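What follows is the content of upload02.cif, which has mmCIF, N, CA, C and O atoms and all ligand atoms:
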data_data
#
loop_
_atom_site.label_atom_id
_atom_site.label_comp_id
_atom_site.auth_asym_id
_atom_site.auth_seq_id
_atom_site.Cartn_x
_atom_site.Cartn_y
_atom_site.Cartn_z
N MET A 14 122.11 113.62 83.81
CA MET A 14 120.66 113.50 83.58
C MET A 14 120.31 112.02 83.40
O MET A 14 121.02 111.29 82.71
N SER A 15 119.24 111.59 84.05
CA SER A 15 118.89 110.17 83.98
C SER A 15 118.04 109.89 82.75
O SER A 15 117.35 110.77 82.23
N SER A 16 118.14 108.62 82.29
CA SER A 16 117.32 108.22 81.15
C SER A 16 115.88 108.08 81.59
O SER A 16 115.59 107.97 82.78
N PRO A 17 114.94 108.06 80.63
CA PRO A 17 113.53 107.86 81.00
C PRO A 17 113.34 106.58 81.81
O PRO A 17 112.56 106.54 82.75
N GLN A 18 114.10 105.53 81.44
CA GLN A 18 113.95 104.25 82.16
C GLN A 18 114.44 104.38 83.60
O GLN A 18 113.79 103.91 84.53
N GLU A 19 115.58 105.07 83.78
CA GLU A 19 116.09 105.27 85.13
C GLU A 19 115.12 106.11 85.95
O GLU A 19 114.89 105.84 87.13
N ALA A 20 114.56 107.11 85.34
CA ALA A 20 113.61 107.96 86.04
C ALA A 20 112.39 107.16 86.48
O ALA A 20 111.89 107.31 87.60
N ALA A 21 111.92 106.26 85.62
CA ALA A 21 110.76 105.44 85.96
C ALA A 21 111.10 104.50 87.12
O ALA A 21 110.29 104.29 88.02
N THR A 22 112.31 103.93 87.09
CA THR A 22 112.73 103.03 88.16
C THR A 22 112.83 103.78 89.48
O THR A 22 112.38 103.30 90.52
N THR A 23 113.39 104.97 89.43
CA THR A 23 113.50 105.78 90.64
C THR A 23 112.13 106.09 91.21
O THR A 23 111.90 106.01 92.42
N ALA A 24 111.20 106.40 90.36
CA ALA A 24 109.84 106.72 90.82
C ALA A 24 109.18 105.49 91.42
O ALA A 24 108.48 105.58 92.43
N LEU A 25 109.43 104.32 90.83
CA LEU A 25 108.81 103.09 91.31
C LEU A 25 109.30 102.75 92.71
O LEU A 25 108.52 102.41 93.59
N PHE A 26 110.62 102.88 92.91
CA PHE A 26 111.20 102.53 94.20
C PHE A 26 111.39 103.77 95.07
O PHE A 26 112.47 104.04 95.58
N ASP A 27 110.33 104.51 95.22
CA ASP A 27 110.34 105.69 96.07
C ASP A 27 109.96 105.26 97.49
O ASP A 27 108.81 104.92 97.76
N CYS A 28 110.94 105.24 98.39
CA CYS A 28 110.72 104.72 99.74
C CYS A 28 109.61 105.46 100.48
O CYS A 28 108.90 104.88 101.29
N GLN A 29 109.44 106.74 100.18
CA GLN A 29 108.43 107.51 100.91
C GLN A 29 107.00 107.19 100.46
O GLN A 29 106.04 107.62 101.10
N SER A 30 106.88 106.43 99.40
CA SER A 30 105.54 105.96 99.05
C SER A 30 105.51 104.43 99.09
O SER A 30 104.71 103.80 98.40
N CYS A 31 106.39 103.87 99.90
CA CYS A 31 106.48 102.41 99.98
C CYS A 31 106.46 101.93 101.44
O CYS A 31 105.41 101.72 102.00
N GLY A 32 107.62 101.75 102.03
CA GLY A 32 107.69 101.27 103.42
C GLY A 32 107.56 99.76 103.55
O GLY A 32 107.45 99.24 104.66
N ALA A 33 107.59 99.04 102.44
CA ALA A 33 107.38 97.58 102.49
C ALA A 33 108.43 96.86 103.32
O ALA A 33 108.12 95.95 104.08
N CYS A 34 109.70 97.26 103.19
CA CYS A 34 110.75 96.55 103.95
C CYS A 34 110.67 96.86 105.43
O CYS A 34 111.18 96.09 106.24
N CYS A 35 110.01 97.93 105.79
CA CYS A 35 109.84 98.30 107.21
C CYS A 35 108.63 97.60 107.81
O CYS A 35 108.36 97.75 109.00
N SER A 36 107.92 96.89 107.00
CA SER A 36 106.72 96.19 107.46
C SER A 36 106.70 94.81 106.80
O SER A 36 105.73 94.42 106.16
N TYR A 37 107.79 94.10 106.99
CA TYR A 37 107.97 92.82 106.31
C TYR A 37 108.13 91.67 107.32
O TYR A 37 107.53 90.61 107.17
N SER A 38 108.94 91.89 108.36
CA SER A 38 109.20 90.84 109.34
C SER A 38 109.74 91.46 110.62
O SER A 38 110.56 92.39 110.56
N ALA A 39 109.32 90.93 111.76
CA ALA A 39 109.85 91.41 113.03
C ALA A 39 111.33 91.08 113.15
O ALA A 39 112.05 91.66 113.96
N GLU A 40 111.78 90.14 112.33
CA GLU A 40 113.21 89.76 112.35
C GLU A 40 114.06 90.69 111.50
O GLU A 40 115.27 90.59 111.50
N TRP A 41 113.41 91.56 110.78
CA TRP A 41 114.13 92.38 109.80
C TRP A 41 114.96 93.50 110.44
O TRP A 41 116.19 93.52 110.28
N PRO A 42 114.34 94.43 111.18
CA PRO A 42 115.15 95.57 111.65
C PRO A 42 115.94 95.24 112.91
O PRO A 42 115.69 95.77 114.00
N ARG A 43 116.91 94.35 112.78
CA ARG A 43 117.73 93.93 113.91
C ARG A 43 119.03 94.73 113.93
O ARG A 43 119.49 95.20 112.89
N PHE A 44 119.58 94.84 115.12
CA PHE A 44 120.86 95.53 115.23
C PHE A 44 121.97 94.56 114.84
O PHE A 44 121.88 93.36 115.07
N SER A 45 123.00 95.09 114.21
CA SER A 45 124.07 94.22 113.73
C SER A 45 125.45 94.85 113.94
O SER A 45 126.15 94.51 114.89
N THR A 46 125.80 95.79 113.09
CA THR A 46 127.15 96.34 113.12
C THR A 46 127.24 97.70 113.80
O THR A 46 128.30 98.33 113.80
N GLU A 47 126.12 98.15 114.40
CA GLU A 47 126.14 99.46 115.06
C GLU A 47 127.01 99.42 116.31
O GLU A 47 127.10 98.38 116.97
N ASP A 48 127.60 100.55 116.65
CA ASP A 48 128.30 100.59 117.93
C ASP A 48 127.35 101.12 119.00
O ASP A 48 126.24 101.56 118.71
N ASP A 49 127.78 101.05 120.24
CA ASP A 49 126.91 101.42 121.35
C ASP A 49 126.43 102.87 121.24
O ASP A 49 125.29 103.18 121.58
N ALA A 50 127.31 103.74 120.77
CA ALA A 50 126.94 105.15 120.67
C ALA A 50 125.79 105.34 119.68
O ALA A 50 124.86 106.12 119.93
N GLN A 51 125.84 104.60 118.57
CA GLN A 51 124.74 104.67 117.59
C GLN A 51 123.44 104.18 118.22
O GLN A 51 122.39 104.81 118.08
N LEU A 52 123.51 103.03 118.86
CA LEU A 52 122.30 102.44 119.43
C LEU A 52 121.72 103.30 120.54
O LEU A 52 120.50 103.39 120.70
N ASP A 53 122.58 103.95 121.30
CA ASP A 53 122.10 104.77 122.41
C ASP A 53 121.27 105.95 121.93
O ASP A 53 120.47 106.50 122.69
N ARG A 54 121.46 106.34 120.68
CA ARG A 54 120.72 107.49 120.16
C ARG A 54 119.30 107.12 119.70
O ARG A 54 118.47 107.99 119.47
N ILE A 55 119.04 105.83 119.55
CA ILE A 55 117.68 105.41 119.13
C ILE A 55 116.75 105.47 120.33
O ILE A 55 117.04 104.86 121.36
N PRO A 56 115.67 106.22 120.24
CA PRO A 56 114.75 106.32 121.39
C PRO A 56 114.31 104.94 121.87
O PRO A 56 113.93 104.08 121.06
N GLN A 57 114.35 104.76 123.17
CA GLN A 57 114.07 103.46 123.78
C GLN A 57 112.69 102.94 123.40
O GLN A 57 112.49 101.73 123.29
N LYS A 58 111.75 103.83 123.19
CA LYS A 58 110.38 103.38 122.89
C LYS A 58 110.32 102.60 121.57
O LYS A 58 109.36 101.87 121.32
N TYR A 59 111.33 102.76 120.73
CA TYR A 59 111.34 102.04 119.45
C TYR A 59 112.19 100.77 119.50
O TYR A 59 112.32 100.08 118.48
N VAL A 60 112.79 100.50 120.64
CA VAL A 60 113.71 99.36 120.75
C VAL A 60 112.99 98.16 121.36
O VAL A 60 112.18 98.32 122.29
N SER A 61 113.26 96.98 120.83
CA SER A 61 112.60 95.77 121.32
C SER A 61 112.98 95.49 122.77
O SER A 61 114.03 95.94 123.24
N SER A 62 112.16 94.71 123.45
CA SER A 62 112.38 94.46 124.87
C SER A 62 113.70 93.72 125.12
O SER A 62 114.34 93.93 126.14
N ASN A 63 114.13 92.92 124.15
CA ASN A 63 115.42 92.24 124.35
C ASN A 63 116.59 93.05 123.77
O ASN A 63 117.73 92.59 123.75
N GLU A 64 116.27 94.23 123.27
CA GLU A 64 117.28 95.19 122.78
C GLU A 64 118.11 94.65 121.60
O GLU A 64 119.22 95.11 121.36
N ALA A 65 117.52 93.69 120.88
CA ALA A 65 118.24 93.10 119.74
C ALA A 65 117.90 93.81 118.44
O ALA A 65 118.54 93.56 117.41
N GLY A 66 116.91 94.66 118.46
CA GLY A 66 116.51 95.32 117.23
C GLY A 66 115.41 96.32 117.51
O GLY A 66 115.14 96.69 118.66
N MET A 67 114.77 96.74 116.44
CA MET A 67 113.66 97.67 116.58
C MET A 67 112.43 96.94 117.12
O MET A 67 112.21 95.77 116.83
N ARG A 68 111.65 97.65 117.91
CA ARG A 68 110.39 97.07 118.37
C ARG A 68 109.41 97.02 117.19
O ARG A 68 109.31 97.98 116.43
N CYS A 69 108.77 95.91 117.04
CA CYS A 69 107.81 95.76 115.96
C CYS A 69 106.43 95.46 116.51
O CYS A 69 106.30 94.83 117.57
N ASP A 70 105.44 95.94 115.82
CA ASP A 70 104.05 95.58 116.11
C ASP A 70 103.67 94.60 115.01
O ASP A 70 103.44 95.01 113.88
N GLY A 71 103.66 93.31 115.36
CA GLY A 71 103.53 92.30 114.32
C GLY A 71 104.77 92.34 113.46
O GLY A 71 105.88 92.23 113.97
N VAL A 72 104.59 92.53 112.17
CA VAL A 72 105.74 92.58 111.27
C VAL A 72 106.21 94.01 111.01
O VAL A 72 107.19 94.24 110.31
N ARG A 73 105.51 94.96 111.60
CA ARG A 73 105.76 96.36 111.26
C ARG A 73 106.65 97.05 112.30
O ARG A 73 106.35 97.02 113.50
N CYS A 74 107.69 97.68 111.83
CA CYS A 74 108.58 98.42 112.71
C CYS A 74 107.81 99.56 113.37
O CYS A 74 107.05 100.29 112.70
N SER A 75 108.02 99.74 114.66
CA SER A 75 107.27 100.76 115.40
C SER A 75 107.67 102.18 115.01
O SER A 75 106.94 103.13 115.32
N ALA A 76 108.79 102.33 114.34
CA ALA A 76 109.22 103.68 113.92
C ALA A 76 108.60 104.09 112.59
O ALA A 76 108.76 105.24 112.15
N LEU A 77 107.90 103.16 111.95
CA LEU A 77 107.30 103.48 110.65
C LEU A 77 105.95 104.17 110.85
O LEU A 77 105.12 103.70 111.62
N SER A 78 105.77 105.26 110.15
CA SER A 78 104.46 105.92 110.16
C SER A 78 103.89 105.91 108.75
O SER A 78 104.63 105.75 107.77
N GLY A 79 102.59 106.08 108.69
CA GLY A 79 101.94 106.14 107.39
C GLY A 79 101.39 104.81 106.95
O GLY A 79 101.32 103.85 107.72
N GLU A 80 100.99 104.76 105.69
CA GLU A 80 100.36 103.58 105.11
C GLU A 80 101.28 102.98 104.05
O GLU A 80 101.66 103.67 103.08
N VAL A 81 101.63 101.71 104.26
CA VAL A 81 102.53 101.03 103.33
C VAL A 81 101.94 101.05 101.91
O VAL A 81 100.76 100.78 101.70
N GLY A 82 102.80 101.42 100.96
CA GLY A 82 102.38 101.47 99.56
C GLY A 82 101.74 102.79 99.19
O GLY A 82 101.44 103.03 98.01
N LYS A 83 101.57 103.69 100.16
CA LYS A 83 100.96 104.99 99.85
C LYS A 83 101.90 106.13 100.26
O LYS A 83 102.43 106.83 99.42
N HIS A 84 102.04 106.29 101.56
CA HIS A 84 102.93 107.35 102.05
C HIS A 84 103.47 106.93 103.40
O HIS A 84 102.69 106.69 104.32
N THR A 85 104.77 106.80 103.50
CA THR A 85 105.38 106.34 104.76
C THR A 85 106.60 107.16 105.10
O THR A 85 107.17 107.85 104.25
N ALA A 86 106.99 107.07 106.38
CA ALA A 86 108.20 107.74 106.83
C ALA A 86 108.80 106.97 107.99
O ALA A 86 108.08 106.31 108.75
N CYS A 87 110.11 107.04 108.09
CA CYS A 87 110.83 106.45 109.22
C CYS A 87 110.99 107.54 110.28
O CYS A 87 111.54 108.60 109.99
N GLY A 88 110.54 107.24 111.49
CA GLY A 88 110.61 108.23 112.56
C GLY A 88 112.00 108.46 113.11
O GLY A 88 112.22 109.41 113.87
N ILE A 89 112.95 107.61 112.71
CA ILE A 89 114.34 107.78 113.18
C ILE A 89 115.30 107.72 112.00
O ILE A 89 116.38 107.14 112.12
N TYR A 90 114.90 108.28 110.90
CA TYR A 90 115.63 108.10 109.64
C TYR A 90 117.15 108.31 109.80
O TYR A 90 117.95 107.49 109.35
N GLU A 91 117.54 109.39 110.45
CA GLU A 91 118.98 109.69 110.59
C GLU A 91 119.67 108.70 111.53
O GLU A 91 120.89 108.56 111.50
N LEU A 92 118.89 108.02 112.36
CA LEU A 92 119.46 107.11 113.36
C LEU A 92 119.17 105.65 113.04
O LEU A 92 119.50 104.76 113.83
N ARG A 93 118.58 105.37 111.89
CA ARG A 93 118.10 104.02 111.59
C ARG A 93 119.25 103.00 111.60
O ARG A 93 120.39 103.35 111.29
N PRO A 94 118.92 101.75 111.94
CA PRO A 94 119.95 100.71 112.01
C PRO A 94 120.61 100.46 110.66
O PRO A 94 120.09 100.79 109.60
N ASP A 95 121.76 99.80 110.73
CA ASP A 95 122.53 99.55 109.51
C ASP A 95 121.79 98.67 108.50
O ASP A 95 121.92 98.86 107.29
N VAL A 96 121.00 97.71 108.99
CA VAL A 96 120.28 96.84 108.06
C VAL A 96 119.29 97.66 107.21
O VAL A 96 119.06 97.35 106.04
N CYS A 97 118.77 98.71 107.80
CA CYS A 97 117.84 99.57 107.06
C CYS A 97 118.58 100.36 105.99
O CYS A 97 118.07 100.58 104.89
N ARG A 98 119.78 100.78 106.32
CA ARG A 98 120.60 101.52 105.35
C ARG A 98 121.04 100.62 104.20
O ARG A 98 121.25 101.06 103.08
N ALA A 99 121.20 99.33 104.52
CA ALA A 99 121.70 98.38 103.51
C ALA A 99 120.63 97.96 102.52
O ALA A 99 120.95 97.42 101.45
N CYS A 100 119.37 98.17 102.84
CA CYS A 100 118.29 97.78 101.94
C CYS A 100 118.16 98.84 100.85
O CYS A 100 117.61 99.92 101.09
N MET A 101 118.67 98.52 99.68
CA MET A 101 118.70 99.50 98.61
C MET A 101 117.45 99.40 97.75
O MET A 101 117.04 98.29 97.38
N PRO A 102 116.84 100.53 97.43
CA PRO A 102 115.69 100.52 96.54
C PRO A 102 116.03 99.78 95.24
O PRO A 102 117.03 100.09 94.58
N GLY A 103 115.22 98.79 94.92
CA GLY A 103 115.45 98.00 93.71
C GLY A 103 116.33 96.79 93.94
O GLY A 103 116.48 95.96 93.05
N GLY A 104 116.92 96.65 95.12
CA GLY A 104 117.76 95.50 95.44
C GLY A 104 116.93 94.27 95.80
O GLY A 104 115.69 94.35 95.90
N ASP A 105 117.61 93.16 96.02
CA ASP A 105 116.90 91.90 96.26
C ASP A 105 115.96 91.97 97.47
O ASP A 105 114.82 91.49 97.41
N ASP A 106 116.44 92.53 98.59
CA ASP A 106 115.60 92.60 99.80
C ASP A 106 114.38 93.49 99.56
O ASP A 106 113.27 93.20 100.01
N CYS A 107 114.63 94.58 98.86
CA CYS A 107 113.55 95.51 98.52
C CYS A 107 112.49 94.79 97.68
O CYS A 107 111.30 94.88 97.98
N LEU A 108 112.94 94.08 96.66
CA LEU A 108 111.99 93.40 95.77
C LEU A 108 111.18 92.35 96.53
O LEU A 108 109.97 92.20 96.33
N MET A 109 111.85 91.64 97.43
CA MET A 109 111.18 90.61 98.23
C MET A 109 110.08 91.24 99.09
O MET A 109 108.96 90.73 99.16
N ALA A 110 110.40 92.35 99.72
CA ALA A 110 109.43 93.02 100.59
C ALA A 110 108.28 93.60 99.77
O ALA A 110 107.11 93.49 100.15
N ARG A 111 108.61 94.22 98.67
CA ARG A 111 107.55 94.81 97.84
C ARG A 111 106.63 93.73 97.28
O ARG A 111 105.40 93.91 97.23
N ARG A 112 107.24 92.62 96.89
CA ARG A 112 106.44 91.51 96.36
C ARG A 112 105.46 91.02 97.44
O ARG A 112 104.29 90.75 97.16
N ALA A 113 105.95 90.92 98.67
CA ALA A 113 105.11 90.43 99.77
C ALA A 113 103.92 91.35 100.01
O ALA A 113 102.87 90.91 100.51
N HIS A 114 104.08 92.63 99.67
CA HIS A 114 102.98 93.59 99.86
C HIS A 114 102.17 93.80 98.59
O HIS A 114 101.29 94.66 98.56
N GLY A 115 102.51 93.05 97.55
CA GLY A 115 101.78 93.19 96.32
C GLY A 115 102.06 94.49 95.59
O GLY A 115 101.24 94.93 94.76
N LEU A 116 103.22 95.07 95.88
CA LEU A 116 103.58 96.32 95.19
C LEU A 116 104.35 96.02 93.93
O LEU A 116 105.08 95.02 93.87
N PRO A 117 104.26 96.86 92.93
CA PRO A 117 104.94 96.59 91.66
C PRO A 117 106.46 96.55 91.82
O PRO A 117 107.02 97.29 92.63
N ILE A 118 107.09 95.66 91.07
CA ILE A 118 108.56 95.55 91.14
C ILE A 118 109.21 95.78 89.78
O ILE A 118 110.42 95.73 89.66
N VAL A 119 108.44 95.95 88.74
CA VAL A 119 109.01 96.26 87.43
C VAL A 119 108.31 97.47 86.85
O VAL A 119 107.21 97.80 87.25
S1 LIG B 1 110.97 98.08 99.98
FE1 LIG B 1 112.40 99.19 98.65
S2 LIG B 1 111.29 100.99 97.87
FE2 LIG B 1 110.19 100.15 99.64
S3 LIG B 1 110.92 101.36 101.41
FE3 LIG B 1 112.17 99.49 101.28
S4 LIG B 1 113.97 100.04 100.02
FE4 LIG B 1 112.39 101.63 99.72
S1 LIG B 2 114.00 101.91 111.64
FE1 LIG B 2 113.08 103.10 110.01
S2 LIG B 2 114.02 102.34 108.12
FE2 LIG B 2 114.36 100.79 109.72
S3 LIG B 2 112.64 99.34 109.58
FE3 LIG B 2 112.09 100.92 111.09
S4 LIG B 2 110.93 102.46 109.92
FE4 LIG B 2 112.09 101.21 108.46
#

Represent the structure contained in this file as structure tokens.
Amino acid sequence: MSSPQEAATTALFDCQSCGACCSYSAEWPRFSTEDDAQLDRIPQKYVSSNEAGMRCDGVRCSALSGEVGKHTACGIYELRPDVCRACMPGGDDCLMARRAHGLPIV
């Protein structure tokens, strides 16, 4: 059972009501350690023209739906790139992205 403080932290860093790291930089959702089989499963419409990462509209990943800071979802959650998996709620990258969107970090 989590402490009240842990529960509050979990609620704060709820990715489904955030999406800040998915709408932070076009340089963010890049491919890195995936193998070809992993990358082949990502629908081409979400892949950038140079195939180096996810296609972004401005700073926003094209696979992100919803409104940042309210309700969001990743359209390829099970297939998302490794960099997306590495961004842990409450971690440094998460805090940087949330700060950029003016979302609470404490
Ligand atoms: S910025 Fe943090 S809380 Fe928001 S979606 Fe990314 S990992 Fe989740
Ligand atoms: S692939 Fe999914 S988790 Fe990764 S940046 Fe795009 S919307 Fe976010």

Inset, instruction - Residues within 6 Å of ligand LIG 2 (chain B) should be enumerated using all atoms listed in the file and returned as a PyMOL selection string. - result: chain A and resi 34-36+42+74-78+86-90+93-94+97

Residues just named, written with N, CA, C and O atoms as a PDB file, keeping the file's coordinate frame:
ATOM      1  N   CYS A  34     109.700  97.260 103.190  1.00  0.00           N
ATOM      2  CA  CYS A  34     110.750  96.550 103.950  1.00  0.00           C
ATOM      3  C   CYS A  34     110.670  96.860 105.430  1.00  0.00           C
ATOM      4  O   CYS A  34     111.180  96.090 106.240  1.00  0.00           O
ATOM      5  N   CYS A  35     110.010  97.930 105.790  1.00  0.00           N
ATOM      6  CA  CYS A  35     109.840  98.300 107.210  1.00  0.00           C
ATOM      7  C   CYS A  35     108.630  97.600 107.810  1.00  0.00           C
ATOM      8  O   CYS A  35     108.360  97.750 109.000  1.00  0.00           O
ATOM      9  N   SER A  36     107.920  96.890 107.000  1.00  0.00           N
ATOM     10  CA  SER A  36     106.720  96.190 107.460  1.00  0.00           C
ATOM     11  C   SER A  36     106.700  94.810 106.800  1.00  0.00           C
ATOM     12  O   SER A  36     105.730  94.420 106.160  1.00  0.00           O
ATOM     13  N   PRO A  42     114.340  94.430 111.180  1.00  0.00           N
ATOM     14  CA  PRO A  42     115.150  95.570 111.650  1.00  0.00           C
ATOM     15  C   PRO A  42     115.940  95.240 112.910  1.00  0.00           C
ATOM     16  O   PRO A  42     115.690  95.770 114.000  1.00  0.00           O
ATOM     17  N   CYS A  74     107.690  97.680 111.830  1.00  0.00           N
ATOM     18  CA  CYS A  74     108.580  98.420 112.710  1.00  0.00           C
ATOM     19  C   CYS A  74     107.810  99.560 113.370  1.00  0.00           C
ATOM     20  O   CYS A  74     107.050 100.290 112.700  1.00  0.00           O
ATOM     21  N   SER A  75     108.020  99.740 114.660  1.00  0.00           N
ATOM     22  CA  SER A  75     107.270 100.760 115.400  1.00  0.00           C
ATOM     23  C   SER A  75     107.670 102.180 115.010  1.00  0.00           C
ATOM     24  O   SER A  75     106.940 103.130 115.320  1.00  0.00           O
ATOM     25  N   ALA A  76     108.790 102.330 114.340  1.00  0.00           N
ATOM     26  CA  ALA A  76     109.220 103.680 113.920  1.00  0.00           C
ATOM     27  C   ALA A  76     108.600 104.090 112.590  1.00  0.00           C
ATOM     28  O   ALA A  76     108.760 105.240 112.150  1.00  0.00           O
ATOM     29  N   LEU A  77     107.900 103.160 111.950  1.00  0.00           N
ATOM     30  CA  LEU A  77     107.300 103.480 110.650  1.00  0.00           C
ATOM     31  C   LEU A  77     105.950 104.170 110.850  1.00  0.00           C
ATOM     32  O   LEU A  77     105.120 103.700 111.620  1.00  0.00           O
ATOM     33  N   SER A  78     105.770 105.260 110.150  1.00  0.00           N
ATOM     34  CA  SER A  78     104.460 105.920 110.160  1.00  0.00           C
ATOM     35  C   SER A  78     103.890 105.910 108.750  1.00  0.00           C
ATOM     36  O   SER A  78     104.630 105.750 107.770  1.00  0.00           O
ATOM     37  N   ALA A  86     106.990 107.070 106.380  1.00  0.00           N
ATOM     38  CA  ALA A  86     108.200 107.740 106.830  1.00  0.00           C
ATOM     39  C   ALA A  86     108.800 106.970 107.990  1.00  0.00           C
ATOM     40  O   ALA A  86     108.080 106.310 108.750  1.00  0.00           O
ATOM     41  N   CYS A  87     110.110 107.040 108.090  1.00  0.00           N
ATOM     42  CA  CYS A  87     110.830 106.450 109.220  1.00  0.00           C
ATOM     43  C   CYS A  87     110.990 107.540 110.280  1.00  0.00           C
ATOM     44  O   CYS A  87     111.540 108.600 109.990  1.00  0.00           O
ATOM     45  N   GLY A  88     110.540 107.240 111.490  1.00  0.00           N
ATOM     46  CA  GLY A  88     110.610 108.230 112.560  1.00  0.00           C
ATOM     47  C   GLY A  88     112.000 108.460 113.110  1.00  0.00           C
ATOM     48  O   GLY A  88     112.220 109.410 113.870  1.00  0.00           O
ATOM     49  N   ILE A  89     112.950 107.610 112.710  1.00  0.00           N
ATOM     50  CA  ILE A  89     114.340 107.780 113.180  1.00  0.00           C
ATOM     51  C   ILE A  89     115.300 107.720 112.000  1.00  0.00           C
ATOM     52  O   ILE A  89     116.380 107.140 112.120  1.00  0.00           O
ATOM     53  N   TYR A  90     114.900 108.280 110.900  1.00  0.00           N
ATOM     54  CA  TYR A  90     115.630 108.100 109.640  1.00  0.00           C
ATOM     55  C   TYR A  90     117.150 108.310 109.800  1.00  0.00           C
ATOM     56  O   TYR A  90     117.950 107.490 109.350  1.00  0.00           O
ATOM     57  N   ARG A  93     118.580 105.370 111.890  1.00  0.00           N
ATOM     58  CA  ARG A  93     118.100 104.020 111.590  1.00  0.00           C
ATOM     59  C   ARG A  93     119.250 103.000 111.600  1.00  0.00           C
ATOM     60  O   ARG A  93     120.390 103.350 111.290  1.00  0.00           O
ATOM     61  N   PRO A  94     118.920 101.750 111.940  1.00  0.00           N
ATOM     62  CA  PRO A  94     119.950 100.710 112.010  1.00  0.00           C
ATOM     63  C   PRO A  94     120.610 100.460 110.660  1.00  0.00           C
ATOM     64  O   PRO A  94     120.090 100.790 109.600  1.00  0.00           O
ATOM     65  N   CYS A  97     118.770  98.710 107.800  1.00  0.00           N
ATOM     66  CA  CYS A  97     117.840  99.570 107.060  1.00  0.00           C
ATOM     67  C   CYS A  97     118.580 100.360 105.990  1.00  0.00           C
ATOM     68  O   CYS A  97     118.070 100.580 104.890  1.00  0.00           O
TER      69      CYS A  97
END

Inset, instruction - Throw together the list of residues within 7 Å of ligand LIG 1 (chain B), counting all atoms listed in the file, and drop it here as number ranges by chain. - result: A: 25-35, 97, 100-104, 106-111

Restricting the output to N, CA, C and O atoms, write the selected residues as a CSV table (one decimal), in the coordinates of the input.
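Contents of again-v8.csv, freshly written:
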chain,number,residue,atom,x,y,z
A,25,LEU,N,109.4,104.3,90.8
A,25,LEU,CA,108.8,103.1,91.3
A,25,LEU,C,109.3,102.8,92.7
A,25,LEU,O,108.5,102.4,93.6
A,26,PHE,N,110.6,102.9,92.9
A,26,PHE,CA,111.2,102.5,94.2
A,26,PHE,C,111.4,103.8,95.1
A,26,PHE,O,112.5,104.0,95.6
A,27,ASP,N,110.3,104.5,95.2
A,27,ASP,CA,110.3,105.7,96.1
A,27,ASP,C,110.0,105.3,97.5
A,27,ASP,O,108.8,104.9,97.8
A,28,CYS,N,110.9,105.2,98.4
A,28,CYS,CA,110.7,104.7,99.7
A,28,CYS,C,109.6,105.5,100.5
A,28,CYS,O,108.9,104.9,101.3
A,29,GLN,N,109.4,106.7,100.2
A,29,GLN,CA,108.4,107.5,100.9
A,29,GLN,C,107.0,107.2,100.5
A,29,GLN,O,106.0,107.6,101.1
A,30,SER,N,106.9,106.4,99.4
A,30,SER,CA,105.5,106.0,99.0
A,30,SER,C,105.5,104.4,99.1
A,30,SER,O,104.7,103.8,98.4
A,31,CYS,N,106.4,103.9,99.9
A,31,CYS,CA,106.5,102.4,100.0
A,31,CYS,C,106.5,101.9,101.4
A,31,CYS,O,105.4,101.7,102.0
A,32,GLY,N,107.6,101.8,102.0
A,32,GLY,CA,107.7,101.3,103.4
A,32,GLY,C,107.6,99.8,103.6
A,32,GLY,O,107.4,99.2,104.7
A,33,ALA,N,107.6,99.0,102.4
A,33,ALA,CA,107.4,97.6,102.5
A,33,ALA,C,108.4,96.9,103.3
A,33,ALA,O,108.1,96.0,104.1
A,34,CYS,N,109.7,97.3,103.2
A,34,CYS,CA,110.8,96.6,104.0
A,34,CYS,C,110.7,96.9,105.4
A,34,CYS,O,111.2,96.1,106.2
A,35,CYS,N,110.0,97.9,105.8
A,35,CYS,CA,109.8,98.3,107.2
A,35,CYS,C,108.6,97.6,107.8
A,35,CYS,O,108.4,97.8,109.0
A,97,CYS,N,118.8,98.7,107.8
A,97,CYS,CA,117.8,99.6,107.1
A,97,CYS,C,118.6,100.4,106.0
A,97,CYS,O,118.1,100.6,104.9
A,100,CYS,N,119.4,98.2,102.8
A,100,CYS,CA,118.3,97.8,101.9
A,100,CYS,C,118.2,98.8,100.8
A,100,CYS,O,117.6,99.9,101.1
A,101,MET,N,118.7,98.5,99.7
A,101,MET,CA,118.7,99.5,98.6
A,101,MET,C,117.4,99.4,97.8
A,101,MET,O,117.0,98.3,97.4
A,102,PRO,N,116.8,100.5,97.4
A,102,PRO,CA,115.7,100.5,96.5
A,102,PRO,C,116.0,99.8,95.2
A,102,PRO,O,117.0,100.1,94.6
A,103,GLY,N,115.2,98.8,94.9
A,103,GLY,CA,115.4,98.0,93.7
A,103,GLY,C,116.3,96.8,93.9
A,103,GLY,O,116.5,96.0,93.0
A,104,GLY,N,116.9,96.6,95.1
A,104,GLY,CA,117.8,95.5,95.4
A,104,GLY,C,116.9,94.3,95.8
A,104,GLY,O,115.7,94.4,95.9
A,106,ASP,N,116.4,92.5,98.6
A,106,ASP,CA,115.6,92.6,99.8
A,106,ASP,C,114.4,93.5,99.6
A,106,ASP,O,113.3,93.2,100.0
A,107,CYS,N,114.6,94.6,98.9
A,107,CYS,CA,113.6,95.5,98.5
A,107,CYS,C,112.5,94.8,97.7
A,107,CYS,O,111.3,94.9,98.0
A,108,LEU,N,112.9,94.1,96.7
A,108,LEU,CA,112.0,93.4,95.8
A,108,LEU,C,111.2,92.4,96.5
A,108,LEU,O,110.0,92.2,96.3
A,109,MET,N,111.8,91.6,97.4
A,109,MET,CA,111.2,90.6,98.2
A,109,MET,C,110.1,91.2,99.1
A,109,MET,O,109.0,90.7,99.2
A,110,ALA,N,110.4,92.4,99.7
A,110,ALA,CA,109.4,93.0,100.6
A,110,ALA,C,108.3,93.6,99.8
A,110,ALA,O,107.1,93.5,100.2
A,111,ARG,N,108.6,94.2,98.7
A,111,ARG,CA,107.6,94.8,97.8
A,111,ARG,C,106.6,93.7,97.3
A,111,ARG,O,105.4,93.9,97.2

Inset, instruction - Would you mind reading off the distance between atom N of Val96 of chain A and atom N of Ser45 of chain A, one decimal, in Å? - result: 6.2 Å

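When atom O of Tyr59 of chain A is paired with atom N of Arg43 of chain A, their separation reads 9.3 Å.
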
How big is the axis-aligned box around the listed atoms of segment 42-47 of chain A once 3 Å is added on each side, and where is its centre? Give both in Å to one decimal, as JSON.
{"center_x": 121.3, "center_y": 96.4, "center_z": 114.1, "size_x": 20.0, "size_y": 12.1, "size_z": 11.8}
